[in-house]
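The data block below is target-v8.txt; it holds compact mmCIF, C-alpha atoms and all ligand atoms.
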# COMPACT_ATOMS: atom_id res chain seq x y z
CA MET A 1 0.56 -119.71 -41.31
CA SER A 2 -0.38 -123.38 -41.34
CA ALA A 3 -0.98 -123.19 -45.10
CA ALA A 4 2.80 -122.86 -45.51
CA LEU A 5 3.49 -126.13 -43.70
CA ILE A 6 4.32 -129.22 -45.71
CA THR A 7 3.93 -132.78 -44.49
CA ILE A 8 6.78 -134.90 -43.18
CA ALA A 9 6.48 -137.13 -46.25
CA GLU A 10 6.56 -134.17 -48.64
CA ALA A 11 9.58 -132.67 -46.87
CA ARG A 12 11.41 -135.96 -47.01
CA GLU A 13 10.60 -136.38 -50.67
CA ARG A 14 12.07 -132.96 -51.40
CA VAL A 15 15.23 -133.84 -49.48
CA LEU A 16 15.64 -137.13 -51.29
CA GLY A 17 14.94 -135.39 -54.59
CA VAL A 18 18.28 -133.58 -54.31
CA ALA A 19 20.39 -136.02 -52.23
CA HIS A 20 22.26 -138.12 -54.79
CA PRO A 21 25.21 -140.46 -54.21
CA LEU A 22 28.44 -138.51 -53.96
CA GLY A 23 30.73 -140.80 -55.92
CA THR A 24 32.78 -143.87 -55.20
CA GLU A 25 36.23 -144.93 -54.08
CA ARG A 26 38.15 -148.19 -53.71
CA VAL A 27 39.00 -149.30 -50.19
CA ALA A 28 40.85 -152.30 -48.82
CA ILE A 29 38.58 -154.82 -47.12
CA ASP A 30 40.18 -153.90 -43.78
CA GLY A 31 38.84 -150.37 -44.08
CA ALA A 32 35.43 -151.31 -45.48
CA HIS A 33 33.49 -151.89 -42.28
CA ASP A 34 30.22 -149.91 -42.21
CA ARG A 35 30.85 -148.47 -45.68
CA VAL A 36 28.17 -148.78 -48.36
CA LEU A 37 28.96 -151.06 -51.27
CA ALA A 38 28.76 -149.31 -54.66
CA GLU A 39 29.22 -152.31 -56.99
CA ASP A 40 27.87 -155.84 -56.82
CA VAL A 41 30.38 -158.43 -55.67
CA THR A 42 30.46 -161.72 -57.59
CA ALA A 43 32.32 -164.87 -56.64
CA ASN A 44 35.70 -165.15 -58.41
CA GLY A 45 35.56 -168.92 -58.07
CA ASN A 46 33.74 -171.71 -56.30
CA VAL A 47 33.64 -171.60 -52.51
CA PRO A 48 34.77 -173.98 -51.19
CA PRO A 49 37.15 -174.14 -54.19
CA PHE A 50 37.50 -177.97 -53.99
CA PRO A 51 35.57 -180.84 -52.41
CA CYS A 52 36.71 -181.14 -48.82
CA SER A 53 36.00 -182.87 -45.55
CA ALA A 54 33.50 -181.64 -42.98
CA MET A 55 35.05 -183.78 -40.23
CA ASP A 56 38.34 -185.04 -38.86
CA GLY A 57 38.46 -188.68 -39.93
CA TYR A 58 39.32 -190.79 -42.96
CA ALA A 59 38.54 -190.35 -46.64
CA ILE A 60 37.30 -193.71 -47.94
CA VAL A 61 35.10 -195.38 -50.52
CA HIS A 62 31.63 -195.57 -48.91
CA GLY A 63 30.33 -198.95 -47.70
CA ASP A 64 29.28 -201.08 -44.77
CA ALA A 65 30.67 -201.29 -41.28
CA GLY A 66 33.24 -203.91 -40.44
CA ARG A 67 35.78 -203.22 -43.18
CA THR A 68 39.50 -203.02 -42.52
CA LEU A 69 41.18 -200.31 -44.64
CA THR A 70 44.91 -199.53 -44.82
CA VAL A 71 45.84 -195.92 -44.13
CA VAL A 72 47.96 -194.88 -47.13
CA GLY A 73 48.37 -191.14 -46.66
CA GLU A 74 47.10 -187.93 -45.15
CA SER A 75 45.19 -184.90 -46.47
CA ARG A 76 45.53 -181.93 -44.12
CA ALA A 77 43.86 -178.57 -44.49
CA GLY A 78 46.21 -176.77 -46.88
CA THR A 79 48.18 -179.90 -47.85
CA PRO A 80 46.30 -182.39 -50.04
CA SER A 81 47.32 -186.03 -50.11
CA ALA A 82 49.63 -187.04 -52.96
CA THR A 83 48.21 -190.57 -52.86
CA ALA A 84 45.05 -191.71 -54.62
CA LEU A 85 42.60 -194.01 -52.94
CA GLY A 86 41.59 -197.58 -53.64
CA ASP A 87 38.74 -199.70 -52.26
CA ALA A 88 40.84 -201.22 -49.51
CA SER A 89 42.55 -198.06 -48.34
CA ALA A 90 41.83 -194.91 -46.34
CA ILE A 91 43.47 -191.50 -46.17
CA ARG A 92 43.58 -189.64 -42.88
CA ILE A 93 41.85 -186.31 -43.40
CA SER A 94 41.29 -183.11 -41.39
CA THR A 95 38.29 -180.79 -41.54
CA GLY A 96 38.81 -178.66 -44.66
CA GLY A 97 41.32 -181.14 -46.15
CA ALA A 98 40.87 -181.85 -49.90
CA ILE A 99 39.04 -185.09 -50.71
CA PRO A 100 41.60 -187.30 -52.48
CA PRO A 101 40.73 -188.72 -55.94
CA GLY A 102 38.74 -191.95 -55.61
CA ALA A 103 37.20 -191.16 -52.19
CA THR A 104 33.39 -190.94 -51.99
CA ALA A 105 32.89 -190.26 -48.27
CA VAL A 106 34.55 -189.41 -44.99
CA ILE A 107 34.19 -191.57 -41.92
CA PRO A 108 34.59 -189.55 -38.72
CA GLN A 109 37.47 -190.66 -36.53
CA GLU A 110 35.08 -191.50 -33.67
CA ASN A 111 33.55 -194.20 -35.94
CA VAL A 112 36.76 -196.15 -36.52
CA GLU A 113 39.17 -198.22 -34.51
CA VAL A 114 42.81 -197.62 -35.42
CA ARG A 115 45.02 -200.71 -35.46
CA ASP A 116 48.53 -201.26 -36.96
CA GLY A 117 48.32 -198.63 -39.70
CA ALA A 118 44.76 -199.61 -40.62
CA ILE A 119 41.26 -198.63 -39.57
CA LEU A 120 38.31 -200.85 -38.77
CA THR A 121 35.09 -199.09 -39.82
CA GLN A 122 32.47 -199.25 -37.06
CA ALA A 123 29.62 -197.59 -38.93
CA ALA A 124 28.18 -197.80 -42.43
CA VAL A 125 29.01 -194.78 -44.59
CA MET A 126 26.90 -193.54 -47.51
CA ALA A 127 28.23 -191.85 -50.61
CA GLY A 128 28.76 -188.16 -49.88
CA ASP A 129 28.78 -188.48 -46.07
CA HIS A 130 30.69 -185.62 -44.41
CA LEU A 131 31.78 -184.20 -47.75
CA ARG A 132 31.54 -180.54 -48.66
CA GLU A 133 31.07 -180.07 -52.39
CA ALA A 134 32.99 -177.40 -54.31
CA GLY A 135 30.74 -174.34 -54.71
CA GLU A 136 28.32 -175.30 -51.91
CA ASP A 137 28.71 -171.84 -50.39
CA MET A 138 29.28 -169.77 -53.55
CA ARG A 139 29.22 -170.69 -57.23
CA SER A 140 31.80 -169.06 -59.48
CA GLY A 141 30.23 -165.96 -61.06
CA GLU A 142 27.29 -165.84 -58.63
CA THR A 143 26.33 -162.41 -57.24
CA ILE A 144 27.10 -162.48 -53.53
CA LEU A 145 26.56 -158.86 -52.43
CA ARG A 146 24.38 -156.17 -53.99
CA ALA A 147 25.33 -152.50 -54.28
CA GLY A 148 23.66 -150.44 -51.55
CA VAL A 149 24.29 -152.90 -48.74
CA THR A 150 26.13 -151.68 -45.65
CA LEU A 151 29.23 -153.76 -45.09
CA GLY A 152 29.02 -155.49 -41.73
CA ALA A 153 31.29 -158.27 -40.55
CA ALA A 154 29.29 -160.90 -42.47
CA GLU A 155 29.47 -158.96 -45.74
CA MET A 156 33.24 -158.46 -45.29
CA GLY A 157 33.73 -162.19 -44.73
CA ALA A 158 31.59 -163.07 -47.74
CA ALA A 159 33.49 -160.58 -49.94
CA VAL A 160 36.83 -162.09 -48.93
CA SER A 161 35.56 -165.63 -49.57
CA ALA A 162 34.35 -164.43 -52.97
CA GLY A 163 37.94 -163.43 -53.75
CA ALA A 164 37.86 -159.66 -53.18
CA ALA A 165 40.71 -157.73 -51.56
CA GLU A 166 39.32 -154.26 -52.26
CA LEU A 167 35.77 -153.02 -52.67
CA THR A 168 34.18 -150.09 -54.44
CA VAL A 169 32.23 -148.10 -51.86
CA TYR A 170 30.44 -144.76 -51.83
CA ARG A 171 32.31 -141.76 -50.55
CA ARG A 172 31.34 -140.67 -47.05
CA PRO A 173 29.79 -137.23 -46.84
CA THR A 174 31.63 -134.59 -44.83
CA VAL A 175 29.40 -132.79 -42.36
CA GLN A 176 29.86 -129.51 -40.53
CA VAL A 177 27.60 -128.85 -37.56
CA LEU A 178 27.09 -125.21 -36.55
CA CYS A 179 25.25 -124.34 -33.34
CA THR A 180 23.83 -120.86 -33.15
CA GLY A 181 22.97 -119.12 -29.90
CA ASP A 182 24.53 -116.46 -27.67
CA GLU A 183 23.37 -118.53 -24.72
CA LEU A 184 25.48 -121.59 -25.59
CA ARG A 185 28.48 -122.67 -23.56
CA ALA A 186 30.83 -125.58 -24.24
CA PRO A 187 30.31 -128.82 -22.33
CA GLY A 188 31.39 -128.35 -18.73
CA GLU A 189 31.93 -124.59 -19.05
CA PRO A 190 30.49 -122.69 -16.04
CA LEU A 191 27.19 -121.03 -16.91
CA GLY A 192 26.55 -117.31 -16.53
CA PRO A 193 23.03 -115.85 -16.21
CA GLY A 194 20.75 -117.05 -18.99
CA GLU A 195 23.28 -119.49 -20.40
CA ILE A 196 22.94 -123.21 -21.18
CA HIS A 197 25.26 -125.95 -22.35
CA ASN A 198 25.49 -126.74 -26.04
CA SER A 199 24.02 -130.23 -26.02
CA ASN A 200 23.11 -130.21 -29.72
CA GLY A 201 26.73 -129.98 -30.89
CA PRO A 202 27.92 -133.36 -29.60
CA MET A 203 24.53 -134.98 -30.32
CA LEU A 204 24.41 -133.93 -33.95
CA GLU A 205 28.09 -134.82 -34.49
CA ALA A 206 27.45 -138.28 -33.05
CA LEU A 207 24.29 -138.80 -35.10
CA ALA A 208 26.06 -137.79 -38.31
CA ALA A 209 29.00 -140.08 -37.57
CA ALA A 210 26.63 -142.96 -36.76
CA GLU A 211 25.14 -142.56 -40.23
CA GLY A 212 28.58 -142.88 -41.81
CA ALA A 213 29.40 -139.20 -42.29
CA ILE A 214 32.75 -137.61 -41.49
CA ALA A 215 31.72 -134.99 -38.96
CA GLY A 216 34.21 -132.37 -37.82
CA THR A 217 33.86 -130.74 -34.42
CA ALA A 218 30.70 -128.67 -34.11
CA LEU A 219 31.27 -124.91 -34.11
CA ARG A 220 29.34 -122.30 -32.16
CA LEU A 221 28.01 -119.14 -33.75
CA PRO A 222 26.77 -116.07 -31.90
CA ASP A 223 23.37 -114.58 -32.76
CA ASP A 224 24.88 -111.98 -35.03
CA ARG A 225 24.25 -111.66 -38.74
CA ALA A 226 27.85 -111.08 -39.85
CA ALA A 227 29.30 -113.85 -37.68
CA THR A 228 26.54 -116.23 -38.77
CA GLU A 229 27.25 -115.49 -42.41
CA ALA A 230 31.02 -115.90 -41.98
CA GLY A 231 30.61 -119.24 -40.19
CA LEU A 232 28.17 -120.52 -42.78
CA ALA A 233 30.39 -119.35 -45.65
CA SER A 234 33.35 -121.45 -44.46
CA ALA A 235 31.15 -124.47 -43.77
CA LEU A 236 29.58 -124.27 -47.24
CA ASP A 237 33.02 -124.27 -48.83
CA ALA A 238 34.28 -127.21 -46.80
CA ALA A 239 31.46 -129.72 -46.33
CA ASP A 240 29.01 -131.80 -48.34
CA VAL A 241 26.33 -131.23 -45.71
CA VAL A 242 25.94 -128.28 -43.36
CA ILE A 243 23.74 -128.74 -40.30
CA VAL A 244 22.80 -125.60 -38.42
CA SER A 245 21.06 -125.82 -35.08
CA GLY A 246 18.86 -122.97 -33.84
CA GLY A 247 18.20 -119.57 -35.30
CA VAL A 248 15.75 -120.73 -37.98
CA SER A 249 12.59 -119.44 -36.29
CA VAL A 250 11.06 -116.01 -36.68
CA GLY A 251 12.63 -114.27 -33.66
CA PRO A 252 14.59 -111.00 -34.00
CA HIS A 253 17.82 -112.91 -33.27
CA ASP A 254 17.30 -115.68 -35.82
CA HIS A 255 19.87 -114.87 -38.52
CA VAL A 256 20.30 -118.19 -40.25
CA LYS A 257 17.75 -117.80 -43.05
CA PRO A 258 18.82 -114.32 -44.21
CA ALA A 259 22.50 -115.31 -43.91
CA LEU A 260 21.94 -118.39 -46.06
CA ALA A 261 20.02 -116.36 -48.62
CA GLY A 262 22.92 -113.89 -48.70
CA LEU A 263 25.31 -116.76 -49.43
CA GLY A 264 23.27 -118.00 -52.38
CA VAL A 265 21.77 -121.03 -50.66
CA GLU A 266 18.48 -121.79 -52.34
CA GLU A 267 15.55 -122.62 -50.03
CA VAL A 268 13.84 -125.94 -50.77
CA PHE A 269 11.44 -125.77 -47.82
CA TRP A 270 10.90 -124.06 -44.49
CA ARG A 271 8.48 -125.31 -41.86
CA VAL A 272 7.01 -128.75 -41.65
CA ALA A 273 3.67 -129.87 -40.17
CA LEU A 274 5.62 -131.70 -37.49
CA GLN A 275 5.79 -131.55 -33.72
CA PRO A 276 8.49 -131.17 -32.58
CA GLY A 277 10.35 -129.61 -35.49
CA LYS A 278 8.07 -127.11 -37.19
CA PRO A 279 10.76 -124.49 -38.09
CA THR A 280 12.93 -127.03 -39.99
CA TRP A 281 14.60 -125.43 -42.99
CA PHE A 282 16.24 -127.17 -45.93
CA GLY A 283 18.11 -125.79 -48.89
CA ARG A 284 21.10 -126.28 -51.11
CA ARG A 285 23.87 -124.53 -52.91
CA GLY A 286 25.01 -126.63 -55.85
CA ALA A 287 25.54 -130.10 -54.43
CA VAL A 288 25.93 -128.87 -50.84
CA LEU A 289 22.89 -129.62 -48.70
CA VAL A 290 21.99 -127.33 -45.82
CA PHE A 291 19.70 -128.25 -42.94
CA GLY A 292 18.48 -125.67 -40.47
CA LEU A 293 17.24 -127.59 -37.46
CA PRO A 294 15.31 -126.08 -34.55
CA GLY A 295 17.49 -125.42 -31.50
CA ASN A 296 15.49 -127.32 -28.93
CA PRO A 297 17.49 -130.52 -28.43
CA VAL A 298 14.60 -132.93 -28.89
CA SER A 299 13.48 -131.11 -32.05
CA ALA A 300 17.05 -131.24 -33.34
CA VAL A 301 17.29 -135.00 -32.82
CA VAL A 302 13.83 -135.72 -34.26
CA THR A 303 14.37 -133.60 -37.36
CA PHE A 304 17.85 -135.04 -37.84
CA SER A 305 16.28 -138.46 -37.72
CA LEU A 306 13.47 -137.62 -40.16
CA PHE A 307 15.34 -135.51 -42.72
CA VAL A 308 19.13 -135.45 -42.27
CA ARG A 309 19.60 -139.16 -41.69
CA PRO A 310 17.84 -140.21 -44.93
CA ALA A 311 19.87 -137.61 -46.81
CA LEU A 312 23.17 -138.91 -45.41
CA ALA A 313 22.07 -142.42 -46.35
CA ALA A 314 21.14 -141.36 -49.89
CA LEU A 315 24.46 -139.51 -50.37
CA GLN A 316 26.15 -142.86 -49.65
CA GLY A 317 23.82 -144.87 -51.87
CA ARG A 318 22.58 -146.79 -48.85
CA THR A 319 19.56 -149.03 -49.33
CA GLU A 320 17.14 -148.59 -46.43
CA GLN A 321 16.51 -151.66 -44.28
CA PRO A 322 12.83 -151.54 -43.36
CA LEU A 323 12.04 -152.00 -39.67
CA LEU A 324 11.17 -155.55 -38.71
CA GLU A 325 8.02 -154.19 -37.07
CA PRO A 326 6.94 -150.90 -38.65
CA GLU A 327 3.78 -150.62 -36.56
CA ALA A 328 2.73 -150.76 -32.93
CA VAL A 329 -0.29 -149.93 -30.79
CA LEU A 330 -0.27 -146.93 -28.49
CA GLY A 331 0.16 -147.80 -24.82
CA THR A 332 -1.49 -144.60 -23.56
CA ALA A 333 -3.72 -142.01 -25.23
CA VAL A 334 -1.93 -139.07 -26.88
CA ARG A 335 -3.53 -135.64 -27.34
CA ARG A 336 -3.41 -134.77 -31.01
CA ASN A 337 -2.07 -131.55 -32.47
CA PRO A 338 -4.74 -130.00 -34.73
CA ASP A 339 -2.24 -128.90 -37.41
CA ARG A 340 0.83 -131.06 -37.10
CA GLU A 341 1.76 -134.70 -37.07
CA GLN A 342 3.58 -135.65 -33.89
CA ALA A 343 6.76 -137.70 -33.74
CA VAL A 344 6.48 -139.18 -30.25
CA ARG A 345 9.50 -140.76 -28.59
CA VAL A 346 8.33 -144.15 -27.37
CA ARG A 347 9.51 -147.19 -25.51
CA LEU A 348 8.56 -150.47 -27.12
CA GLU A 349 7.52 -153.61 -25.29
CA ARG A 350 5.60 -156.73 -26.15
CA ARG A 351 2.33 -157.29 -24.27
CA ASP A 352 -0.05 -160.15 -25.08
CA GLY A 353 1.69 -160.66 -28.41
CA LYS A 354 1.32 -157.01 -29.42
CA LEU A 355 4.08 -154.47 -29.83
CA VAL A 356 3.09 -151.59 -27.54
CA ALA A 357 4.51 -148.06 -27.93
CA THR A 358 4.39 -145.95 -24.78
CA PRO A 359 5.41 -142.27 -24.79
CA ASN A 360 8.75 -141.95 -23.05
CA GLY A 361 7.87 -139.29 -20.47
CA PRO A 362 7.01 -135.63 -21.12
CA GLN A 363 7.19 -134.82 -24.82
CA ALA A 364 8.08 -131.12 -24.74
CA SER A 365 10.90 -130.29 -27.12
CA HIS A 366 13.36 -129.12 -24.46
CA ILE A 367 13.14 -132.34 -22.40
CA VAL A 368 16.39 -134.08 -23.43
CA THR A 369 15.75 -136.81 -20.91
CA SER A 370 12.73 -137.92 -22.97
CA LEU A 371 15.28 -139.29 -25.44
CA LEU A 372 16.91 -141.52 -22.84
CA GLY A 373 15.81 -145.10 -23.34
CA ALA A 374 13.51 -144.20 -26.24
CA ASP A 375 13.36 -147.03 -28.77
CA ALA A 376 11.62 -145.39 -31.71
CA LEU A 377 9.49 -142.56 -33.02
CA ALA A 378 5.75 -143.22 -33.23
CA PHE A 379 3.62 -141.02 -35.46
CA VAL A 380 0.36 -139.50 -34.25
CA PRO A 381 -1.48 -137.87 -37.15
CA ALA A 382 -2.80 -134.30 -36.81
CA GLY A 383 -6.40 -134.05 -35.67
CA GLU A 384 -8.82 -133.18 -32.91
CA GLY A 385 -9.05 -134.79 -29.48
CA GLU A 386 -6.94 -137.79 -28.59
CA LEU A 387 -5.54 -140.78 -30.35
CA GLU A 388 -6.73 -143.45 -27.95
CA ALA A 389 -4.68 -146.19 -26.31
CA GLY A 390 -4.66 -149.28 -28.54
CA ALA A 391 -4.71 -147.27 -31.80
CA ALA A 392 -2.19 -148.39 -34.44
CA VAL A 393 0.78 -146.07 -35.00
CA ALA A 394 3.58 -146.16 -37.56
CA LEU A 395 7.09 -146.51 -36.19
CA GLU A 396 10.43 -145.29 -37.36
CA ARG A 397 13.87 -146.01 -36.01
CA LEU A 398 15.41 -143.39 -33.76
CA PRO A 399 19.13 -143.29 -34.50
CA ARG A 400 21.53 -143.46 -31.57
P1 LIG A 501 16.20 -121.44 -31.39
O1 LIG A 501 15.82 -122.51 -32.35
O2 LIG A 501 17.52 -120.82 -31.66
O3 LIG A 501 15.10 -120.44 -31.23
O4 LIG A 501 16.35 -122.17 -29.99
C1 LIG A 501 15.24 -122.82 -29.37
C2 LIG A 501 15.61 -123.32 -27.99
O5 LIG A 501 16.64 -124.27 -28.07
C3 LIG A 501 16.13 -122.25 -27.05
O6 LIG A 501 15.65 -122.49 -25.76
C4 LIG A 501 17.63 -122.43 -27.11
O7 LIG A 501 18.28 -121.97 -25.96
C5 LIG A 501 17.74 -123.92 -27.24
N1 LIG A 501 18.96 -124.28 -27.95
C6 LIG A 501 19.39 -123.71 -29.09
N2 LIG A 501 20.55 -124.26 -29.49
C7 LIG A 501 20.85 -125.20 -28.56
C8 LIG A 501 21.94 -126.09 -28.41
N3 LIG A 501 22.94 -126.14 -29.30
N4 LIG A 501 21.96 -126.91 -27.34
C9 LIG A 501 20.95 -126.86 -26.44
N5 LIG A 501 19.90 -126.05 -26.54
C10 LIG A 501 19.84 -125.20 -27.58
MG MG A 502 18.59 -119.28 -30.92

Show me, as structure tokens, the structure contained in the file I just sent.
Ligand code: AMP
Ligand code: MG
Amino acid sequence: MSAALITIAEARERVLGVAHPLGTERVAIDGAHDRVLAEDVTANGNVPPFPCSAMDGYAIVHGDAGRTLTVVGESRAGTPSATALGDASAIRISTGGAIPPGATAVIPQENVEVRDGAILTQAAVMAGDHLREAGEDMRSGETILRAGVTLGAAEMGAAVSAGAAELTVYRRPTVQVLCTGDELRAPGEPLGPGEIHNSNGPMLEALAAAEGAIAGTALRLPDDRAATEAGLASALDAADVVIVSGGVSVGPHDHVKPALAGLGVEEVFWRVALQPGKPTWFGRRGAVLVFGLPGNPVSAVVTFSLFVRPALAALQGRTEQPLLEPEAVLGTAVRRNPDREQAVRVRLERRDGKLVATPNGPQASHIVTSLLGADALAFVPAGEGELEAGAAVALERLPR
């Protein structure tokens, strides 16, 4: 059986091989937060657009202390002075006010004494003091944002400064989560014998939304071939990405694979040399991507993180931000799995200058609480014996 398993890297490569950006749309800046930019943004003009003051004070010709200069006008932010400046005069100026023609510096108001419509300069001022040059922040025509970046508050501010009111962003993928299992009950529903609450539904919805997808409410499917096929058929018609939890193993009540085959979904892979997450299934019908994730909640979250999350990012043209620290040392020894790489949920802490990854409690795939407070996934390669404490491990972000 283990011959059929592919590595995590191979599985991810196959996913990314078919997950292409969905297309683009124009959105107003107000609605652009967290969207992925699809076209570079260049500055429409210089920013600041004109030389202006960095301080509240007086625009003057630079020179020594001890000069008396007549105040001949005012330049406020938004209202430039109509008066030009001579050697013996000063123009009151606010932060952001345009530097009047003739001025070569600004003297801050705390460095002058005001007397009868004139100022006495109490400090020497050099050419350029407290001036902001036009284009200091952005030069007209300069590329400010690159396609692929996720638009946070800073990117939105920079885009507006650059002159944009709308941005071209990638379309968000629509996601339908389907949870299979006769045993599943809705959150809070009283449990009968053998029943459990559907924790995967809300988790997978939240994870998809956190990656920028539009996730409808998760649906439950009974372990019945016809019902599974009907549920999958509607999801395939409606969504860009279908995520099925459970029912992809080899049990007599696992109907997902045959149902998908019946609906013309082509298998790309089934089973990965990964613990937890071995039964992971991936396929597609046309441009619709279908993930069959194992039902155990920890397996579902880990496999979402390793395979679905990168796909949702790729569908939106998102450029991956590498982790600041992609490696750590193991805090405690971990028994290896002979055939499968392990994705261990770890807490991260710094000890003696080293980033230490400690397994976050029991690692069995049904222990949802092992996800609480976990900072990352650490990878323990397949092999014999233990990977000892202090060994280097690769890290990957664990989405929240
Ligand atoms: P399966 O992958 O369907 O064989 O399910 C594996 C294990 O995960 C079983 O113990 C299921 O009861 C459990 N499980 C399946 N789906 C869910 C779910 N949506 N929420 C919580 N546990 C689940
Ligand atoms: Mg099941």

Pick the closest to ligand MG 502 (chain A) from A:Leu178, A:Ala273, A:Ala239, A:Leu260: which is it, counting all atoms listed in the file?
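Of A:Leu178, A:Ala273, A:Ala239, A:Leu260, the one nearest ligand MG 502 (chain A) is A:Leu178, counting all atoms listed in the file.
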
Option closest in space to ligand MG 502 (chain A), from A:Glu229, A:Glu166, A:Glu183, A:Glu320 [counting all atoms listed in the file]:
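When distances to ligand MG 502 (chain A) are compared using all atoms listed in the file, the smallest one comes from A:Glu183.
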
Show me the residues close to (31.4, -175.0, -56.0) - anything with an atom within 12 Å, counting only C-alpha atoms - and format the list as a PyMOL selection string.
chain A and resi 43-52+132-142+162

Limited to C-alpha atoms, could you put the picked residues into a file as a CSV table (one decimal), in the coordinates of the input?
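Writing the result to part29.csv gives the following:
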chain,number,residue,atom,x,y,z
A,43,ALA,CA,32.3,-164.9,-56.6
A,44,ASN,CA,35.7,-165.2,-58.4
A,45,GLY,CA,35.6,-168.9,-58.1
A,46,ASN,CA,33.7,-171.7,-56.3
A,47,VAL,CA,33.6,-171.6,-52.5
A,48,PRO,CA,34.8,-174.0,-51.2
A,49,PRO,CA,37.2,-174.1,-54.2
A,50,PHE,CA,37.5,-178.0,-54.0
A,51,PRO,CA,35.6,-180.8,-52.4
A,52,CYS,CA,36.7,-181.1,-48.8
A,132,ARG,CA,31.5,-180.5,-48.7
A,133,GLU,CA,31.1,-180.1,-52.4
A,134,ALA,CA,33.0,-177.4,-54.3
A,135,GLY,CA,30.7,-174.3,-54.7
A,136,GLU,CA,28.3,-175.3,-51.9
A,137,ASP,CA,28.7,-171.8,-50.4
A,138,MET,CA,29.3,-169.8,-53.6
A,139,ARG,CA,29.2,-170.7,-57.2
A,140,SER,CA,31.8,-169.1,-59.5
A,141,GLY,CA,30.2,-166.0,-61.1
A,142,GLU,CA,27.3,-165.8,-58.6
A,162,ALA,CA,34.4,-164.4,-53.0

Using all atoms listed in the file, which protein or nucleic acid residues come within 9 Å of Thr150 in chain A? Drop anything in the same chain fewer than 2 positions from it, and give the result as a list in words.
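Once the nearby chain positions are removed, what remains is His33, Asp34, Arg35, Val36, Leu37, Ala147, Gly148, Gly152, Glu155, Arg318 and Thr319 of chain A.
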
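Residues having any atom no farther than 9 Å from (-5.1, -142.7, -27.4) (counting all atoms listed in the file) are Leu330, Gly331, Thr332, Ala333, Val334, Arg335, Arg336, Glu386, Leu387, Glu388, Ala389, Gly390 and Ala391 of chain A.
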